[in-house]
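S.K.: I have a structure I would like to understand better, so I am pasting it below and will then ask my questions one at a time.
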Number of protein chains: 2
Amino acid sequence: VITEIAELTIDPEASEAFESAVAEARELFLQAPDCHSFRIDRVVETPGTYLLLVGWTSVEAHMERFRSSDAFQRWRALVSPFFIAPPAVRHTETVL
Amino acid sequence: VITEIAELTIDPEASEAFESAVAEARELFLQAPDCHSFRIDRVVETPGTYLLLVGWTSVEAHMERFRSSDAFQRWRALVSPFFIAPPAVRHTETVL
């Protein structure tokens, strides 16, 4: 299992509206065939910075299959208006 | 619940020895009274970069109580020889 860890930066003033948009978009991930889990955290030290943690079967499942799906377009349509910096996306695999 | 997310940077050549040291150190966290969970991931895109994800009851539980404990000194003694950059530590709280 691979975890996508994306750092999302928004205007802190828009936090409440952004969190509502993410709640609306959550199912787009959870209904994707290769998605195992969805979580979003706010960074305590930096208001307006969020970490999205999404479990996928593989990097390709996320970067190729999900990114070319309608669900990804709908996710981006819901949340990208809030972004004040490009999302920074990495993938991890759990060691322990 | 708060998650400590620490970015650790080591020489990729030392990955195996570093992962063994982390396995040895894991109980130092899990036995700490305020620690809920311990996980370490390697970043796929950047060999030598790891993300440590530790669940704590609060930021203070981590930064004050754990950091002033013997367990923290023992953790640092085991893993800091591998660091080639200072760890970058943040805390998050889960939104969804």
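Identifiers in this document derive from the order of the structure tokens: chains are assigned A, B, ..., residues are numbered from 1 separately in each chain, and ligands are numbered from 1 in order of occurrence.
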Pull out every residue of chain A that has at least one atom within 9 Å of chain B, counting only C-alpha atoms, and report them as an MDAnalysis selection string.

M.R.: chainID A and resid 2:3 19 22:23 26 38:46 50:51 59 90:96

S.K.: Any chance you could list, as number ranges by chain, the residues in segment 6-37 of chain B that come up strand (DSSP E or B) when DSSP is run on the backbone?

M.R.: B: 6-10, 35-37

S.K.: Filtering to N, CA, C and O atoms, could you give me those residues as an mmCIF file, in the first residue's frame?

M.R.:
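Output contents, as saved in again.cif:
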```
data_model
loop_
_atom_site.group_PDB
_atom_site.id
_atom_site.type_symbol
_atom_site.label_atom_id
_atom_site.label_comp_id
_atom_site.auth_asym_id
_atom_site.auth_seq_id
_atom_site.Cartn_x
_atom_site.Cartn_y
_atom_site.Cartn_z
ATOM 1 N N ALA B 6 7.337 14.221 11.300
ATOM 2 C CA ALA B 6 8.729 14.665 11.243
ATOM 3 C C ALA B 6 9.356 14.159 9.953
ATOM 4 O O ALA B 6 9.202 12.984 9.606
ATOM 5 N N GLU B 7 10.026 15.061 9.250
ATOM 6 C CA GLU B 7 10.740 14.659 8.035
ATOM 7 C C GLU B 7 12.195 14.425 8.400
ATOM 8 O O GLU B 7 12.868 15.311 8.922
ATOM 9 N N LEU B 8 12.656 13.211 8.144
ATOM 10 C CA LEU B 8 14.022 12.800 8.509
ATOM 11 C C LEU B 8 14.809 12.555 7.232
ATOM 12 O O LEU B 8 14.325 11.874 6.314
ATOM 13 N N THR B 9 15.998 13.098 7.163
ATOM 14 C CA THR B 9 16.820 12.964 5.963
ATOM 15 C C THR B 9 18.121 12.271 6.310
ATOM 16 O O THR B 9 18.884 12.756 7.156
ATOM 17 N N ILE B 10 18.359 11.148 5.656
ATOM 18 C CA ILE B 10 19.584 10.378 5.923
ATOM 19 C C ILE B 10 20.291 10.080 4.595
ATOM 20 O O ILE B 10 19.716 10.274 3.519
ATOM 21 N N CYS B 35 1.773 8.605 24.086
ATOM 22 C CA CYS B 35 1.887 8.199 22.681
ATOM 23 C C CYS B 35 0.802 7.191 22.315
ATOM 24 O O CYS B 35 0.628 6.181 22.989
ATOM 25 N N HIS B 36 0.080 7.482 21.233
ATOM 26 C CA HIS B 36 -1.006 6.602 20.769
ATOM 27 C C HIS B 36 -0.581 5.648 19.658
ATOM 28 O O HIS B 36 -1.162 4.587 19.494
ATOM 29 N N SER B 37 0.356 6.082 18.820
ATOM 30 C CA SER B 37 0.676 5.291 17.626
ATOM 31 C C SER B 37 2.036 5.712 17.091
ATOM 32 O O SER B 37 2.510 6.820 17.363
#
```

S.K.: For atom CA of Ser68 of chain B and atom CA of Ala14 of chain B, determine how far apart the two atoms are, in Å to one decimal place.

M.R.: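 That distance, rounded to one decimal, is 28.0 Å.
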
S.K.: For the atom pair atom CA of Glu24 of chain A and atom CA of Ala61 of chain A, what is the interatomic distance in Å to one decimal place?

M.R.: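 It comes out at 22.0 Å.
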
S.K.: Here is a test: counting only C-alpha atoms, which residue of B:Leu78, B:Asp70, B:Arg65, B:Val54 is nearest to Ala17 of chain B?

M.R.: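 That would be B:Leu78, the residue with the smallest distance to Ala17 of chain B.
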
S.K.: How would you write, as a count of residues only, the set of residues in chain A that DSSP gives as helix (DSSP H, G or I)?

M.R.: 40
